[in-house]
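S.K.: This is the content of run_24.pdb (PDB, N, CA and C atoms):
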MODEL        1
ATOM      1  N   MET A 571      19.172 -75.273  11.978
ATOM      2  CA  MET A 571      18.362 -75.456  13.178
ATOM      3  C   MET A 571      17.798 -74.098  13.595
ATOM      4  N   GLU A 572      16.532 -74.081  13.796
ATOM      5  CA  GLU A 572      15.904 -72.822  14.192
ATOM      6  C   GLU A 572      15.842 -72.740  15.716
ATOM      7  N   HIS A 573      16.392 -71.668  16.240
ATOM      8  CA  HIS A 573      16.384 -71.465  17.688
ATOM      9  C   HIS A 573      15.092 -70.776  18.094
ATOM     10  N   ILE A 574      14.486 -71.294  19.148
ATOM     11  CA  ILE A 574      13.267 -70.694  19.672
ATOM     12  C   ILE A 574      13.608 -70.106  21.038
ATOM     13  N   ILE A 575      13.411 -68.831  21.166
ATOM     14  CA  ILE A 575      13.723 -68.118  22.403
ATOM     15  C   ILE A 575      12.444 -68.028  23.226
ATOM     16  N   SER A 576      12.549 -68.365  24.507
ATOM     17  CA  SER A 576      11.371 -68.339  25.376
ATOM     18  C   SER A 576      11.090 -66.929  25.881
ATOM     19  N   ASP A 577       9.864 -66.738  26.336
ATOM     20  CA  ASP A 577       9.488 -65.452  26.933
ATOM     21  C   ASP A 577      10.316 -65.174  28.182
ATOM     22  N   ASP A 578      10.619 -66.226  28.943
ATOM     23  CA  ASP A 578      11.429 -66.059  30.158
ATOM     24  C   ASP A 578      12.825 -65.539  29.815
ATOM     25  N   THR A 579      13.394 -66.049  28.723
ATOM     26  CA  THR A 579      14.721 -65.597  28.312
ATOM     27  C   THR A 579      14.690 -64.128  27.923
ATOM     28  N   ILE A 580      13.679 -63.730  27.167
ATOM     29  CA  ILE A 580      13.547 -62.324  26.760
ATOM     30  C   ILE A 580      13.359 -61.441  27.987
ATOM     31  N   ASP A 581      12.535 -61.878  28.927
ATOM     32  CA  ASP A 581      12.333 -61.098  30.148
ATOM     33  C   ASP A 581      13.637 -60.952  30.929
ATOM     34  N   TYR A 582      14.402 -62.042  31.014
ATOM     35  CA  TYR A 582      15.668 -62.012  31.747
ATOM     36  C   TYR A 582      16.676 -61.076  31.069
ATOM     37  N   VAL A 583      16.778 -61.167  29.757
ATOM     38  CA  VAL A 583      17.685 -60.287  29.014
ATOM     39  C   VAL A 583      17.240 -58.837  29.171
ATOM     40  N   GLY A 584      15.938 -58.612  29.171
ATOM     41  CA  GLY A 584      15.422 -57.255  29.378
ATOM     42  C   GLY A 584      15.807 -56.705  30.743
ATOM     43  N   ILE A 585      15.761 -57.558  31.758
ATOM     44  CA  ILE A 585      16.160 -57.134  33.100
ATOM     45  C   ILE A 585      17.647 -56.802  33.117
ATOM     46  N   LEU A 586      18.466 -57.679  32.503
ATOM     47  CA  LEU A 586      19.913 -57.432  32.479
ATOM     48  C   LEU A 586      20.252 -56.147  31.735
ATOM     49  N   ALA A 587      19.524 -55.879  30.649
ATOM     50  CA  ALA A 587      19.790 -54.689  29.843
ATOM     51  C   ALA A 587      19.029 -53.472  30.362
ATOM     52  N   LYS A 588      18.257 -53.669  31.424
ATOM     53  CA  LYS A 588      17.451 -52.587  32.011
ATOM     54  C   LYS A 588      16.526 -51.957  30.968
ATOM     55  N   LEU A 589      15.826 -52.849  30.249
ATOM     56  CA  LEU A 589      14.881 -52.410  29.224
ATOM     57  C   LEU A 589      13.473 -52.820  29.604
ATOM     58  N   GLU A 590      12.541 -51.965  29.313
ATOM     59  CA  GLU A 590      11.130 -52.317  29.439
ATOM     60  C   GLU A 590      10.593 -52.448  28.023
ATOM     61  N   LEU A 591      10.267 -53.675  27.640
ATOM     62  CA  LEU A 591       9.822 -53.932  26.278
ATOM     63  C   LEU A 591       8.313 -54.150  26.236
ATOM     64  N   SER A 592       7.697 -53.599  25.217
ATOM     65  CA  SER A 592       6.269 -53.857  24.987
ATOM     66  C   SER A 592       6.133 -55.278  24.459
ATOM     67  N   PRO A 593       4.933 -55.846  24.482
ATOM     68  CA  PRO A 593       4.752 -57.208  23.942
ATOM     69  C   PRO A 593       5.210 -57.329  22.483
ATOM     70  N   GLU A 594       4.982 -56.280  21.677
ATOM     71  CA  GLU A 594       5.416 -56.324  20.274
ATOM     72  C   GLU A 594       6.942 -56.317  20.183
ATOM     73  N   GLU A 595       7.582 -55.509  21.034
ATOM     74  CA  GLU A 595       9.044 -55.452  21.040
ATOM     75  C   GLU A 595       9.641 -56.780  21.513
ATOM     76  N   LYS A 596       8.978 -57.432  22.464
ATOM     77  CA  LYS A 596       9.446 -58.735  22.932
ATOM     78  C   LYS A 596       9.404 -59.762  21.806
ATOM     79  N   GLN A 597       8.313 -59.748  21.047
ATOM     80  CA  GLN A 597       8.198 -60.684  19.927
ATOM     81  C   GLN A 597       9.292 -60.426  18.890
ATOM     82  N   GLN A 598       9.538 -59.157  18.591
ATOM     83  CA  GLN A 598      10.581 -58.813  17.618
ATOM     84  C   GLN A 598      11.957 -59.203  18.143
ATOM     85  N   ALA A 599      12.201 -58.982  19.444
ATOM     86  CA  ALA A 599      13.483 -59.344  20.045
ATOM     87  C   ALA A 599      13.689 -60.860  20.001
ATOM     88  N   LYS A 600      12.622 -61.626  20.232
ATOM     89  CA  LYS A 600      12.724 -63.089  20.154
ATOM     90  C   LYS A 600      13.121 -63.524  18.752
ATOM     91  N   LYS A 601      12.503 -62.902  17.738
ATOM     92  CA  LYS A 601      12.846 -63.242  16.356
ATOM     93  C   LYS A 601      14.301 -62.869  16.060
ATOM     94  N   ASP A 602      14.704 -61.674  16.479
ATOM     95  CA  ASP A 602      16.065 -61.202  16.222
ATOM     96  C   ASP A 602      17.105 -62.104  16.900
ATOM     97  N   MET A 603      16.857 -62.461  18.164
ATOM     98  CA  MET A 603      17.797 -63.324  18.879
ATOM     99  C   MET A 603      17.874 -64.701  18.230
ATOM    100  N   GLY A 604      16.744 -65.209  17.789
ATOM    101  CA  GLY A 604      16.731 -66.502  17.102
ATOM    102  C   GLY A 604      17.546 -66.455  15.822
ATOM    103  N   ARG A 605      17.394 -65.365  15.060
ATOM    104  CA  ARG A 605      18.165 -65.216  13.818
ATOM    105  C   ARG A 605      19.659 -65.093  14.109
ATOM    106  N   MET A 606      20.002 -64.390  15.191
ATOM    107  CA  MET A 606      21.425 -64.272  15.545
ATOM    108  C   MET A 606      22.012 -65.641  15.887
ATOM    109  N   LEU A 607      21.287 -66.423  16.668
ATOM    110  CA  LEU A 607      21.781 -67.750  17.039
ATOM    111  C   LEU A 607      21.868 -68.658  15.818
ATOM    112  N   ASP A 608      20.910 -68.545  14.896
ATOM    113  CA  ASP A 608      20.968 -69.325  13.657
ATOM    114  C   ASP A 608      22.209 -68.944  12.850
ATOM    115  N   TYR A 609      22.533 -67.660  12.806
ATOM    116  CA  TYR A 609      23.708 -67.198  12.074
ATOM    117  C   TYR A 609      24.987 -67.723  12.711
ATOM    118  N   ILE A 610      25.020 -67.745  14.026
ATOM    119  CA  ILE A 610      26.195 -68.290  14.725
ATOM    120  C   ILE A 610      26.354 -69.763  14.391
ATOM    121  N   ASP A 611      25.247 -70.498  14.346
ATOM    122  CA  ASP A 611      25.315 -71.902  13.943
ATOM    123  C   ASP A 611      25.855 -72.033  12.532
ATOM    124  N   LYS A 612      25.450 -71.145  11.646
ATOM    125  CA  LYS A 612      25.940 -71.152  10.267
ATOM    126  C   LYS A 612      27.454 -70.929  10.250
ATOM    127  N   LEU A 613      27.939 -69.979  11.071
ATOM    128  CA  LEU A 613      29.376 -69.733  11.147
ATOM    129  C   LEU A 613      30.124 -70.944  11.693
ATOM    130  N   ASN A 614      29.501 -71.696  12.585
ATOM    131  CA  ASN A 614      30.144 -72.878  13.159
ATOM    132  C   ASN A 614      30.322 -73.990  12.129
ATOM    133  N   GLU A 615      29.636 -73.892  10.996
ATOM    134  CA  GLU A 615      29.787 -74.894   9.938
ATOM    135  C   GLU A 615      31.086 -74.696   9.160
ATOM    136  N   LEU A 616      31.709 -73.527   9.279
ATOM    137  CA  LEU A 616      32.949 -73.255   8.550
ATOM    138  C   LEU A 616      34.085 -74.130   9.064
ATOM    139  N   ASP A 617      34.915 -74.591   8.130
ATOM    140  CA  ASP A 617      36.081 -75.376   8.493
ATOM    141  C   ASP A 617      37.205 -74.424   8.910
ATOM    142  N   THR A 618      37.529 -74.421  10.174
ATOM    143  CA  THR A 618      38.584 -73.542  10.693
ATOM    144  C   THR A 618      39.758 -74.356  11.234
ATOM    145  N   GLU A 619      39.876 -75.584  10.765
ATOM    146  CA  GLU A 619      40.907 -76.491  11.269
ATOM    147  C   GLU A 619      42.317 -75.924  11.105
ATOM    148  N   ASP A 620      42.639 -75.362   9.944
ATOM    149  CA  ASP A 620      43.994 -74.879   9.679
ATOM    150  C   ASP A 620      44.135 -73.375   9.863
ATOM    151  N   VAL A 621      43.169 -72.740  10.501
ATOM    152  CA  VAL A 621      43.226 -71.295  10.705
ATOM    153  C   VAL A 621      43.866 -71.024  12.063
ATOM    154  N   GLU A 622      44.932 -70.239  12.021
ATOM    155  CA  GLU A 622      45.641 -69.932  13.257
ATOM    156  C   GLU A 622      44.849 -68.910  14.065
ATOM    157  N   PRO A 623      44.638 -69.149  15.365
ATOM    158  CA  PRO A 623      43.919 -68.168  16.192
ATOM    159  C   PRO A 623      44.698 -66.860  16.268
ATOM    160  N   MET A 624      43.963 -65.765  16.414
ATOM    161  CA  MET A 624      44.631 -64.477  16.533
ATOM    162  C   MET A 624      44.012 -63.687  17.668
ATOM    163  N   SER A 625      44.809 -62.807  18.220
ATOM    164  CA  SER A 625      44.315 -61.989  19.321
ATOM    165  C   SER A 625      43.927 -60.605  18.844
ATOM    166  N   HIS A 626      44.323 -60.259  17.623
ATOM    167  CA  HIS A 626      44.022 -58.937  17.097
ATOM    168  C   HIS A 626      43.913 -59.030  15.589
ATOM    169  N   VAL A 627      43.059 -58.219  14.984
ATOM    170  CA  VAL A 627      42.887 -58.280  13.541
ATOM    171  C   VAL A 627      44.106 -57.813  12.771
ATOM    172  N   PHE A 628      44.863 -56.917  13.349
ATOM    173  CA  PHE A 628      46.066 -56.422  12.698
ATOM    174  C   PHE A 628      47.277 -57.105  13.320
ATOM    175  N   SER A 629      48.190 -57.523  12.473
ATOM    176  CA  SER A 629      49.409 -58.084  13.042
ATOM    177  C   SER A 629      50.230 -56.927  13.618
ATOM    178  N   SER A 630      50.679 -57.105  14.817
ATOM    179  CA  SER A 630      51.435 -56.022  15.442
ATOM    180  C   SER A 630      52.624 -56.615  16.178
ATOM    181  N   VAL A 631      53.631 -55.840  16.250
ATOM    182  CA  VAL A 631      54.822 -56.203  16.995
ATOM    183  C   VAL A 631      54.884 -55.289  18.207
ATOM    184  N   ASN A 632      55.823 -55.512  19.042
ATOM    185  CA  ASN A 632      55.955 -54.669  20.219
ATOM    186  C   ASN A 632      56.152 -53.214  19.768
ATOM    187  N   VAL A 633      55.201 -52.375  20.108
ATOM    188  CA  VAL A 633      55.250 -50.986  19.671
ATOM    189  C   VAL A 633      55.923 -50.081  20.693
ATOM    190  N   PHE A 634      56.357 -50.663  21.783
ATOM    191  CA  PHE A 634      57.016 -49.863  22.806
ATOM    192  C   PHE A 634      58.503 -49.745  22.486
ATOM    193  N   ARG A 635      59.058 -48.597  22.728
ATOM    194  CA  ARG A 635      60.471 -48.406  22.484
ATOM    195  C   ARG A 635      61.255 -48.868  23.705
ATOM    196  N   GLU A 636      62.501 -49.124  23.499
ATOM    197  CA  GLU A 636      63.381 -49.482  24.607
ATOM    198  C   GLU A 636      63.619 -48.248  25.470
ATOM    199  N   ASP A 637      63.723 -48.438  26.757
ATOM    200  CA  ASP A 637      64.054 -47.332  27.654
ATOM    201  C   ASP A 637      65.543 -47.040  27.551
ATOM    202  N   ILE A 638      65.853 -45.845  27.124
ATOM    203  CA  ILE A 638      67.242 -45.438  26.987
ATOM    204  C   ILE A 638      67.448 -44.195  27.844
ATOM    205  N   VAL A 639      68.341 -44.282  28.797
ATOM    206  CA  VAL A 639      68.631 -43.145  29.658
ATOM    207  C   VAL A 639      69.486 -42.168  28.866
ATOM    208  N   THR A 640      69.000 -40.934  28.737
ATOM    209  CA  THR A 640      69.735 -39.972  27.919
ATOM    210  C   THR A 640      70.194 -38.754  28.710
ATOM    211  N   ASN A 641      69.622 -38.490  29.872
ATOM    212  CA  ASN A 641      69.979 -37.266  30.596
ATOM    213  C   ASN A 641      70.411 -37.539  32.031
ATOM    214  N   SER A 642      71.045 -38.646  32.259
ATOM    215  CA  SER A 642      71.410 -38.996  33.627
ATOM    216  C   SER A 642      72.473 -38.073  34.209
ATOM    217  N   ASP A 643      73.211 -37.365  33.366
ATOM    218  CA  ASP A 643      74.272 -36.495  33.859
ATOM    219  C   ASP A 643      73.813 -35.051  34.047
ATOM    220  N   GLU A 644      72.529 -34.769  33.907
ATOM    221  CA  GLU A 644      72.016 -33.402  34.017
ATOM    222  C   GLU A 644      71.302 -33.156  35.337
ATOM    223  N   HIS A 645      71.670 -33.873  36.357
ATOM    224  CA  HIS A 645      71.041 -33.758  37.671
ATOM    225  C   HIS A 645      71.110 -32.323  38.201
ATOM    226  N   GLU A 646      72.259 -31.715  38.066
ATOM    227  CA  GLU A 646      72.430 -30.346  38.568
ATOM    228  C   GLU A 646      71.544 -29.353  37.808
ATOM    229  N   LYS A 647      71.398 -29.538  36.491
ATOM    230  CA  LYS A 647      70.536 -28.653  35.699
ATOM    231  C   LYS A 647      69.085 -28.772  36.145
ATOM    232  N   MET A 648      68.660 -30.007  36.441
ATOM    233  CA  MET A 648      67.283 -30.195  36.906
ATOM    234  C   MET A 648      67.066 -29.527  38.255
ATOM    235  N   LEU A 649      68.012 -29.686  39.153
ATOM    236  CA  LEU A 649      67.880 -29.071  40.474
ATOM    237  C   LEU A 649      67.928 -27.552  40.392
ATOM    238  N   ALA A 650      68.560 -27.008  39.373
ATOM    239  CA  ALA A 650      68.643 -25.548  39.221
ATOM    240  C   ALA A 650      67.257 -24.946  38.993
ATOM    241  N   ASN A 651      66.322 -25.724  38.462
ATOM    242  CA  ASN A 651      64.966 -25.235  38.216
ATOM    243  C   ASN A 651      64.040 -25.405  39.424
ATOM    244  N   ALA A 652      64.512 -26.070  40.449
ATOM    245  CA  ALA A 652      63.673 -26.333  41.613
ATOM    246  C   ALA A 652      63.518 -25.075  42.457
ATOM    247  N   PRO A 653      62.333 -24.854  43.027
ATOM    248  CA  PRO A 653      62.163 -23.705  43.914
ATOM    249  C   PRO A 653      62.959 -23.867  45.208
ATOM    250  N   ALA A 654      63.171 -25.133  45.630
ATOM    251  CA  ALA A 654      63.966 -25.383  46.846
ATOM    252  C   ALA A 654      64.672 -26.727  46.693
ATOM    253  N   VAL A 655      65.891 -26.802  47.224
ATOM    254  CA  VAL A 655      66.696 -28.025  47.132
ATOM    255  C   VAL A 655      67.165 -28.395  48.527
ATOM    256  N   LYS A 656      67.165 -29.711  48.833
ATOM    257  CA  LYS A 656      67.669 -30.183  50.124
ATOM    258  C   LYS A 656      68.364 -31.525  49.902
ATOM    259  N   ASP A 657      69.605 -31.625  50.288
ATOM    260  CA  ASP A 657      70.389 -32.854  50.182
ATOM    261  C   ASP A 657      70.400 -33.433  48.763
ATOM    262  N   GLY A 658      70.527 -32.575  47.761
ATOM    263  CA  GLY A 658      70.630 -33.041  46.385
ATOM    264  C   GLY A 658      69.318 -33.484  45.770
ATOM    265  N   SER A 659      68.187 -33.120  46.390
ATOM    266  CA  SER A 659      66.864 -33.503  45.887
ATOM    267  C   SER A 659      65.943 -32.293  45.910
ATOM    268  N   PHE A 660      64.806 -32.423  45.236
ATOM    269  CA  PHE A 660      63.793 -31.379  45.300
ATOM    270  C   PHE A 660      63.234 -31.327  46.713
ATOM    271  N   LYS A 661      63.023 -30.131  47.224
ATOM    272  CA  LYS A 661      62.398 -29.976  48.533
ATOM    273  C   LYS A 661      60.966 -29.521  48.276
ATOM    274  N   VAL A 662      60.024 -30.293  48.813
ATOM    275  CA  VAL A 662      58.604 -29.977  48.604
ATOM    276  C   VAL A 662      57.945 -29.686  49.942
ATOM    277  N   PRO A 663      56.868 -28.917  49.919
ATOM    278  CA  PRO A 663      56.192 -28.612  51.188
ATOM    279  C   PRO A 663      55.558 -29.873  51.781
ATOM    280  N   LYS A 664      55.522 -29.928  53.083
ATOM    281  CA  LYS A 664      54.892 -31.048  53.780
ATOM    282  C   LYS A 664      53.384 -31.001  53.526
ATOM    283  N   THR A 665      52.811 -32.105  53.163
ATOM    284  CA  THR A 665      51.373 -32.112  52.858
ATOM    285  C   THR A 665      50.550 -32.818  53.923
ATOM    286  N   VAL A 666      51.163 -33.624  54.754
ATOM    287  CA  VAL A 666      50.450 -34.352  55.802
ATOM    288  C   VAL A 666      50.920 -33.824  57.140
ATOM    289  N   GLN A 667      50.004 -33.489  58.015
ATOM    290  CA  GLN A 667      50.346 -32.956  59.324
ATOM    291  C   GLN A 667      50.470 -34.062  60.344
TER     292      GLN A 667
ENDMDL
END
Kindly present the structure from the file in structure tokens form.
M.R.:
Amino acid sequence: MEHIISDDTIDYVGILAKLELSPEEKQQAKKDMGRMLDYIDKLNELDTEDVEPMSHVFSSVNVFREDIVTNSDEHEKMLANAPAVKDGSFKVPKTVQ
């Protein structure tokens, strides 16, 4: 099936894409869009009944590592590097008056 793209459609797409097309460019764009839609129709002819949908081209598993607490007993060492300490925590300058 050959798709015929109207001038109104090309004008609307041009507005959305913020393009100013010459009359020759509009004609070429109409042909290109028609060919793209024809190709999509061709792809729709493929039998995809037994094809499992996928969300990504590469199969991937959870790539995040588990959170493992490794330095929970070094609280005092961390506070030793602080410029100021108050009540077992870092003391920072007040930023809001």
S.K.: Would you please give, as a VMD selection string, all residues of chain A that DSSP assigns to strand (DSSP E or B) based on the backbone?
M.R.: chain A and resid 655 to 656 659 to 660
S.K.: Any idea what the distance is between atom C of A:Lys588 and atom CA of A:Leu607?
M.R.: 21.7 Å
S.K.: What gap, in Å, lies between atom CA of A:Asp577 and atom CA of A:Glu590?
M.R.: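 These atoms are spaced 13.5 Å apart.
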S.K.: State, in Å with one decimal place, the distance from atom C of A:Gly658 to atom C of A:His645.
M.R.: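 Between atom C of A:Gly658 and atom C of A:His645 the gap works out to 7.9 Å.
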S.K.: Box time for stretch 634-652 of chain A: axis-aligned, enclosing all its listed atoms, 3 Å extra on each side; report centre and edge lengths in Å to one decimal, as JSON.
M.R.:
{"center_x": 65.3, "center_y": -37.8, "center_z": 32.1, "size_x": 23.9, "size_y": 31.7, "size_z": 26.7}
S.K.: When distances are computed from only C-alpha atoms, which of A:Ala650, A:Val627, A:Gln667, A:His573 shows the smallest separation from A:Asp611?
M.R.: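 Looking only at the distances to A:Asp611, the closest residue turns out to be A:His573.
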S.K.: Give me, as a list in words, the residues of stretch 592-622 of chain A that a backbone DSSP run labels alpha helix (DSSP H).
M.R.: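 The alpha helix (DSSP H) residues within stretch 592-622 of chain A come out as Pro593, Glu594, Glu595, Lys596, Gln597, Gln598, Ala599, Lys600, Lys601, Asp602, Met603, Gly604, Arg605, Met606, Leu607, Asp608, Tyr609, Ile610, Asp611, Lys612, Leu613 and Asn614 of chain A.
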S.K.: I need the output of the PyMOL selection byres (((chain A and resi 597-601 and name CA) around 10) and name CA) for this file as a PyMOL selection string; which residues are they?
M.R.: chain A and resi 573-577+579-580+583-584+591-596+602-606
